Amino acid sequence: MSARTAASDPEPDTAMPAAEDATTEADQPAQEPWAARRDLDAHAPNSMALNFRGINDGVTAQQVIGDIISGGKTEHHYNFSGFGGGQVSGEIPAQALERLADDFVSEGTAFAELLERLREERVIVLTGAPFTGRRTAALMLLHRLGATPVRALDRDVLPGELGQRLTPGDGAVGYVLCDLDISREQPLREAHLLALRGRIRELKAYLVITTGHSPYIEDTVDLATWRPPEPATVLATLLPKRTDQASAQQRLALPAVGEFLSHERQIREVVQYVAVLAQADEDRIQQYSLVTLEQQVQEWFEEAETPVQLREKAFLIALAAFDKGPYALTAELSDVLYAALRSTGDEKYQKPIPVFGTHIGKRLQNARAKRYPDREVTEWGPVIQVKAAFHDERVAPVVLREVWTGHPAARPAVIKWLDALSVDGRPFVRTRAAATVAVLAYTDLPSTMALIVERWAGARESRRQLTAVSALTLAHRIGAPNIPQIIDAWSTATQDPKRCWVAVRALGLIGPERPTETLAALRAQARHQHDKRLTQPRIGAGDQQVTAELPQSVALLLLSSAAEPALSALFSALDGHSSARALALDGFLTACERPATAASPPLLERASRSPLAADRIARLLGVALKDRTTNERAERALRNWVRAADTDPATERSLSALLPAAVTDARDAARLNHLLDTVPGLDGLPRPAVADRMRAALTRSHS
C-alpha cells in the first residue's frame, strides 16, 4: 500500500471532533496574506525565529534537529540508571555505600536537618521530584548515622504490612525502601508510620522511605522534603577529585559547561558530566548537553510498561507542539491525541478517557516543564493565561523527531491529530500544527510531504490549505531541504489550481530571501492565467483564486526587507508582456492600499528610508496614474496617502518629495494638481489642508 493511500482522510465516523465542521468551513474565504504573516510571527515557536521576514535564519532549530548525534558525528551513549537500578530486596554492599559517600554532595541541601530528624524519629518519609537523588540521600543518611549494614526492602508491599518485613534475624541496622508504591487503594497513613516507628525502636534500627509527591499520603504524615544541591556545586565539588584543581577550573570555565548549566538538570546527568569532563574529550564535552537531551526523550517513549504511560506520552507530544502555549489548551488537545493513539490498531476501542487525571504540577514535573502566567495575544486582544513550557526549549523539536522517526506505528494517530488541528478555529492551534509539520519535514521530507502537506494543499477546506502554506513557510525557515524548489514547481502546476494557490501564497511569505526568483515564478503563473483566458471560454474557480492571489504575493514582497530589488524588478517588467505589466501594477497598487499600522502607510514609509525605493515607487505610481486600467485605483490610493499626510508631518514630507518624481510631462502635472484640488476629507470632513501645501510644492518643482 502506498504512503498516500495509508494517509487518506479518516472516515467520517472516525474523524476527530475538531474537524467536524470542516465541510461547512470549506466555502469560507481564505485568510488574507497579511493576517497569515501576522499569525506566523505571533504564534510560531521561538526556535523558528520570531518576526520572520523571509530570511532563513532559524539556526537554533537546525542545530537541534539536524545536528543531534547524526551524520558524521560520533554517537555517545550514557547509562543514567544509577546505582541499584531495578529495585530488589537485599543487603547493600558496604563498598557501594563507601563509593556513594565519596561523591555525595550535601552543600546547599537540608541534609544536616534531615540527619537530626532521622536520629530522633528513626523513620522518615523522604519526598522529592524524580531523579533528584532521593535514593542516594536516603542511603547517605543511614551511612552517616552509622546505621549499617543497610538492607533494601522490596517496594511491592502494602504500607500496612511494612512492619512484617522487618525481622531481627537479618542483622540490618538501617533499612531503605525506595519509591514506595502508594495509590488510591494503598494510601500511606500516619498510623502506618506510628506502627513502623514502634517496630524500628524495638529493633534499634532506622528506616528511610522515599516516594514522589502523591495525593494518597495522609495529610497528618510529616514528610521530609529532599532538594538536591545545585548542579554547579556538584561539578565544582566532584571534578577536582577526578583531576587536579587547575585542570578542573579550566574545564569548568568552558563555554560548553556554561551552556550545560544554563538548562534544568537532573543530578544523574550532572554526575555523568563530571566523568566526561575528567576525560577531557572536547567532542564529548561539547555534545553532552544534546546527547542527554535526546536520551531523555528516548527514555520517555519506551514501551508502555514504563512509568510514563500513554496519556502522558500524548501530553509530551502535545507540549512539544504547543510549547510556551496555554496549559489548558495543551492538555485539551493532548487528550484528543491520546484518544487517537489508544485506537491505533483497534479503531473500535471506545474505553472512556478519564475526566480527571494527573495533577498539573506532577505532570509538568515528569515532563521537565514549568507553568507560568504570561500575556497571550488573541483575536480579542491580549489576555493573561497560565502557560506551560519545557525547561529546555530544545526538547520540543527533539520530541517530535523521536515520535515521527523512532516510532512509526504512532504516525497514523499523529496524522489524524494534525488533520484536526489544521482546521481548528484558533489561529494559534493552526500555526502550531504547521510548525509541527515543519519539524517533521526537516526530519523526513518525503514522508511528511506525501502523508500530510500534499493532502492539505489539495483539500477543500481553506484553513487546511492555509496550514499547508504555513507548514512550507516554517519548514523553509528552519532549513528543511528543497522547499523553494517544491514551491516553485507547485506554482507552475497548471493542472492543479489548489496546489498552485498554496505555492503562490507561500512565495509571498518566503520571497524576501529570493525576490528575483519569486517574481519570475509569479510572472510565469500570470502568463499562464492570461493565456488560459484567451483560449478557454470559462475559467474555473480554482484559477480565479490563483489569479487573485498573485498580486497579494507581489504586495507581500514589496512590503518586506526585499522591497528595493522587488520594486526594481517590477519597474523593469512594465516593458514586458502585458500579463507581467498587469501583475506589476496590480501588485504595486495592492501594496499602496495596505492600511497603515502606524502613522504612515507602509509603502510610503519605505520610500522615506530608501532613495532607490522612493524613485521606483514614484515611477510606478506615475505609470499607474496614466494607465487606463489602473488610474482610478491609483488615484484612490493617492487620496488616502494625502489624508494620512494631513495628520502626520513625516508622511507629508515623504509624499511631498515623492510626487514631483511621478510627473513626466504637463499632463501628469495637471492630473496631480486636479487630484489635490478635489481630494475630499474623510467621512464628510473638510478638504485636507495639506493638499494645498503639496500642490504649491508640486508647482514650484515644475515651474
# chains A, B, ... in the order shown; residues from 1 in each chain; ligands from 1
$ residues_around --residues "Phe571 in chain A" --least-positions-apart "3" --cutoff "9 Å" --atoms "only C-alpha atoms" --output "PyMOL selection string"
chain A and resi 566-568+574-575+581+584+616-617+619-620
$ residues_around --residues "Ala280 in chain A" --least-positions-apart "2" --cutoff "12 Å" --atoms "only C-alpha atoms" --output "list in words"
Leu239, Arg242, Thr243, Ser247, Ala248, Gln250, Arg251, Leu252, Leu254, Tyr273, Val274, Ala275, Val276, Leu277, Ala278, Glu282, Asp283, Arg284, Ile285 and Gln286 of chain A
$ select_by_dssp --residues "range 118-185 of chain A" --states "strand (DSSP E)" --output "VMD selection string"
chain A and resid 123 to 127 150 to 152 174 to 177
$ closest_residue --among "A:Ile360, A:Ala480, A:Ala172, A:Ala644" --to "Lys387 in chain A" --atoms "only C-alpha atoms"
A:Ile360
$ closest_residue --among "A:Ser470, A:Gln295, A:Ser447, A:Thr344" --to "Arg38 in chain A" --atoms "only C-alpha atoms"
A:Ser470
$ atom_distance --atom1 "CA of Leu341 in chain A" --atom2 "CA of Asp424 in chain A"
19.5 Å
$ closest_atom_pairs --of "range 356-465 of chain A" --to "range 199-222 of chain A" --cutoff "10 Å" --atoms "only C-alpha atoms" --output "CSV"
residue,atom,partner,partner_atom,distance
A:His359,CA,A:Pro215,CA,8.9
A:Gly361,CA,A:His213,CA,9.5
A:Lys362,CA,A:His213,CA,7.4
$ write_last_selection --atoms "N, CA and C atoms" --output "PDB file, in the first residue's frame"
ATOM      1  N   HIS A 359      -2.200  15.398  38.338  1.00  0.00           N
ATOM      2  CA  HIS A 359      -2.131  16.779  38.812  1.00  0.00           C
ATOM      3  C   HIS A 359      -1.186  17.567  37.914  1.00  0.00           C
ATOM      4  N   GLY A 361       0.933  19.916  38.436  1.00  0.00           N
ATOM      5  CA  GLY A 361       2.303  20.048  38.908  1.00  0.00           C
ATOM      6  C   GLY A 361       3.116  18.794  38.663  1.00  0.00           C
ATOM      7  N   LYS A 362       2.545  17.628  38.990  1.00  0.00           N
ATOM      8  CA  LYS A 362       3.257  16.374  38.800  1.00  0.00           C
ATOM      9  C   LYS A 362       3.456  16.075  37.324  1.00  0.00           C
TER      10      LYS A 362
END
$ select_by_dssp --residues "range 328-550 of chain A" --states "alpha helix (DSSP H)" --output "PyMOL selection string"
chain A and resi 328-342+360-366+395-401+411-421+427-443+445-448+454-457+462-477+483-491+497-510+515-535+541-550
$ residues_around --residues "Val234 in chain A" --least-positions-apart "6" --cutoff "9 Å" --atoms "only C-alpha atoms" --output "VMD selection string"
chain A and resid 103 to 105 107 267 270 to 271 274
$ atom_distance --atom1 "CA of Arg394 in chain A" --atom2 "CA of Pro446 in chain A"
23.9 Å
$ closest_residue --among "A:Ala320, A:Leu472, A:Asn46, A:Pro231" --to "Leu333 in chain A" --atoms "only C-alpha atoms"
A:Ala320
$ closest_residue --among "A:Ile92, A:Leu451, A:Ser183, A:Pro130" --to "Leu142 in chain A" --atoms "only C-alpha atoms"
A:Ile92
$ atom_distance --atom1 "CA of Ala582 in chain A" --atom2 "CA of Val642 in chain A"
25.0 Å
$ residues_around --residues "Leu589 in chain A" --least-positions-apart "5" --cutoff "10 Å" --atoms "only C-alpha atoms" --output "PyMOL selection string"
chain A and resi 551-552+554-555+583-584+594+603+620-621+624+630+633-634+636-638
$ write_last_selection --atoms "N, CA and C atoms" --output "compact mmCIF listing (two decimals), in the first residue's frame"
# COMPACT_ATOMS: atom_id res chain seq x y z
N PRO A 551 -1.27 39.12 -7.16
CA PRO A 551 -0.87 40.46 -6.70
C PRO A 551 -0.69 40.55 -5.19
N GLN A 552 -1.38 39.71 -4.43
CA GLN A 552 -1.20 39.71 -2.99
C GLN A 552 0.23 39.30 -2.62
N VAL A 554 2.85 39.58 -4.58
CA VAL A 554 3.73 40.67 -5.00
C VAL A 554 3.76 41.76 -3.93
N ALA A 555 2.58 42.09 -3.40
CA ALA A 555 2.50 43.14 -2.38
C ALA A 555 3.25 42.74 -1.11
N LEU A 583 0.44 42.42 -13.77
CA LEU A 583 0.77 41.91 -12.43
C LEU A 583 1.58 42.94 -11.65
N ALA A 584 2.52 43.60 -12.33
CA ALA A 584 3.35 44.60 -11.65
C ALA A 584 2.50 45.74 -11.10
N ARG A 594 -2.43 48.93 1.26
CA ARG A 594 -2.30 48.31 2.56
C ARG A 594 -2.48 49.35 3.65
N LEU A 603 4.09 51.39 2.49
CA LEU A 603 4.93 51.57 1.31
C LEU A 603 5.54 52.97 1.28
N LEU A 620 6.50 54.00 -10.56
CA LEU A 620 5.38 53.07 -10.68
C LEU A 620 4.05 53.79 -10.46
N LEU A 621 4.02 54.73 -9.53
CA LEU A 621 2.80 55.49 -9.29
C LEU A 621 2.44 56.31 -10.52
N ALA A 624 0.96 53.99 -13.10
CA ALA A 624 -0.39 53.56 -12.70
C ALA A 624 -1.41 54.66 -12.90
N THR A 630 -5.80 51.19 -14.53
CA THR A 630 -5.45 51.31 -13.12
C THR A 630 -5.56 52.73 -12.57
N ARG A 633 -7.92 53.40 -9.54
CA ARG A 633 -7.43 52.75 -8.32
C ARG A 633 -6.20 53.49 -7.78
N ALA A 634 -5.33 53.94 -8.68
CA ALA A 634 -4.14 54.68 -8.25
C ALA A 634 -4.52 56.01 -7.62
N ARG A 636 -7.31 56.66 -6.08
CA ARG A 636 -7.92 56.38 -4.79
C ARG A 636 -6.83 56.15 -3.72
N ALA A 637 -5.79 55.39 -4.10
CA ALA A 637 -4.69 55.15 -3.16
C ALA A 637 -3.96 56.45 -2.82
N LEU A 638 -3.78 57.31 -3.83
CA LEU A 638 -3.07 58.56 -3.59
C LEU A 638 -3.87 59.49 -2.69
$ residues_around --residues "Pro680 in chain A" --least-positions-apart "4" --cutoff "10 Å" --atoms "only C-alpha atoms" --output "PyMOL selection string"
chain A and resi 639-640+642-643+675-676+684-688+691
$ write_last_selection --atoms "C-alpha atoms" --output "PDB file, in the first residue's frame"
ATOM      1  CA  ARG A 639      -6.035  60.329  -1.959  1.00  0.00           C
ATOM      2  CA  ASN A 640      -5.662  58.030   1.061  1.00  0.00           C
ATOM      3  CA  VAL A 642      -2.849  62.651   1.194  1.00  0.00           C
ATOM      4  CA  ARG A 643      -5.318  62.192   4.060  1.00  0.00           C
ATOM      5  CA  LEU A 675      -6.461  65.443  -7.683  1.00  0.00           C
ATOM      6  CA  LEU A 676      -5.012  67.649  -4.945  1.00  0.00           C
ATOM      7  CA  GLY A 684     -17.523  64.394   5.367  1.00  0.00           C
ATOM      8  CA  LEU A 685     -14.644  66.270   6.984  1.00  0.00           C
ATOM      9  CA  PRO A 686     -13.216  69.364   5.261  1.00  0.00           C
ATOM     10  CA  ARG A 687     -10.687  69.004   2.478  1.00  0.00           C
ATOM     11  CA  PRO A 688      -7.216  68.243   3.934  1.00  0.00           C
ATOM     12  CA  ALA A 691      -3.328  69.242  -0.169  1.00  0.00           C
TER      13      ALA A 691
END
$ closest_residue --among "A:Val176, A:Ala138, A:Ala420, A:Leu118" --to "Ala152 in chain A" --atoms "only C-alpha atoms"
A:Val176
$ closest_residue --among "A:Thr448, A:Thr167, A:Ser462, A:Thr378" --to "Gln31 in chain A" --atoms "only C-alpha atoms"
A:Ser462
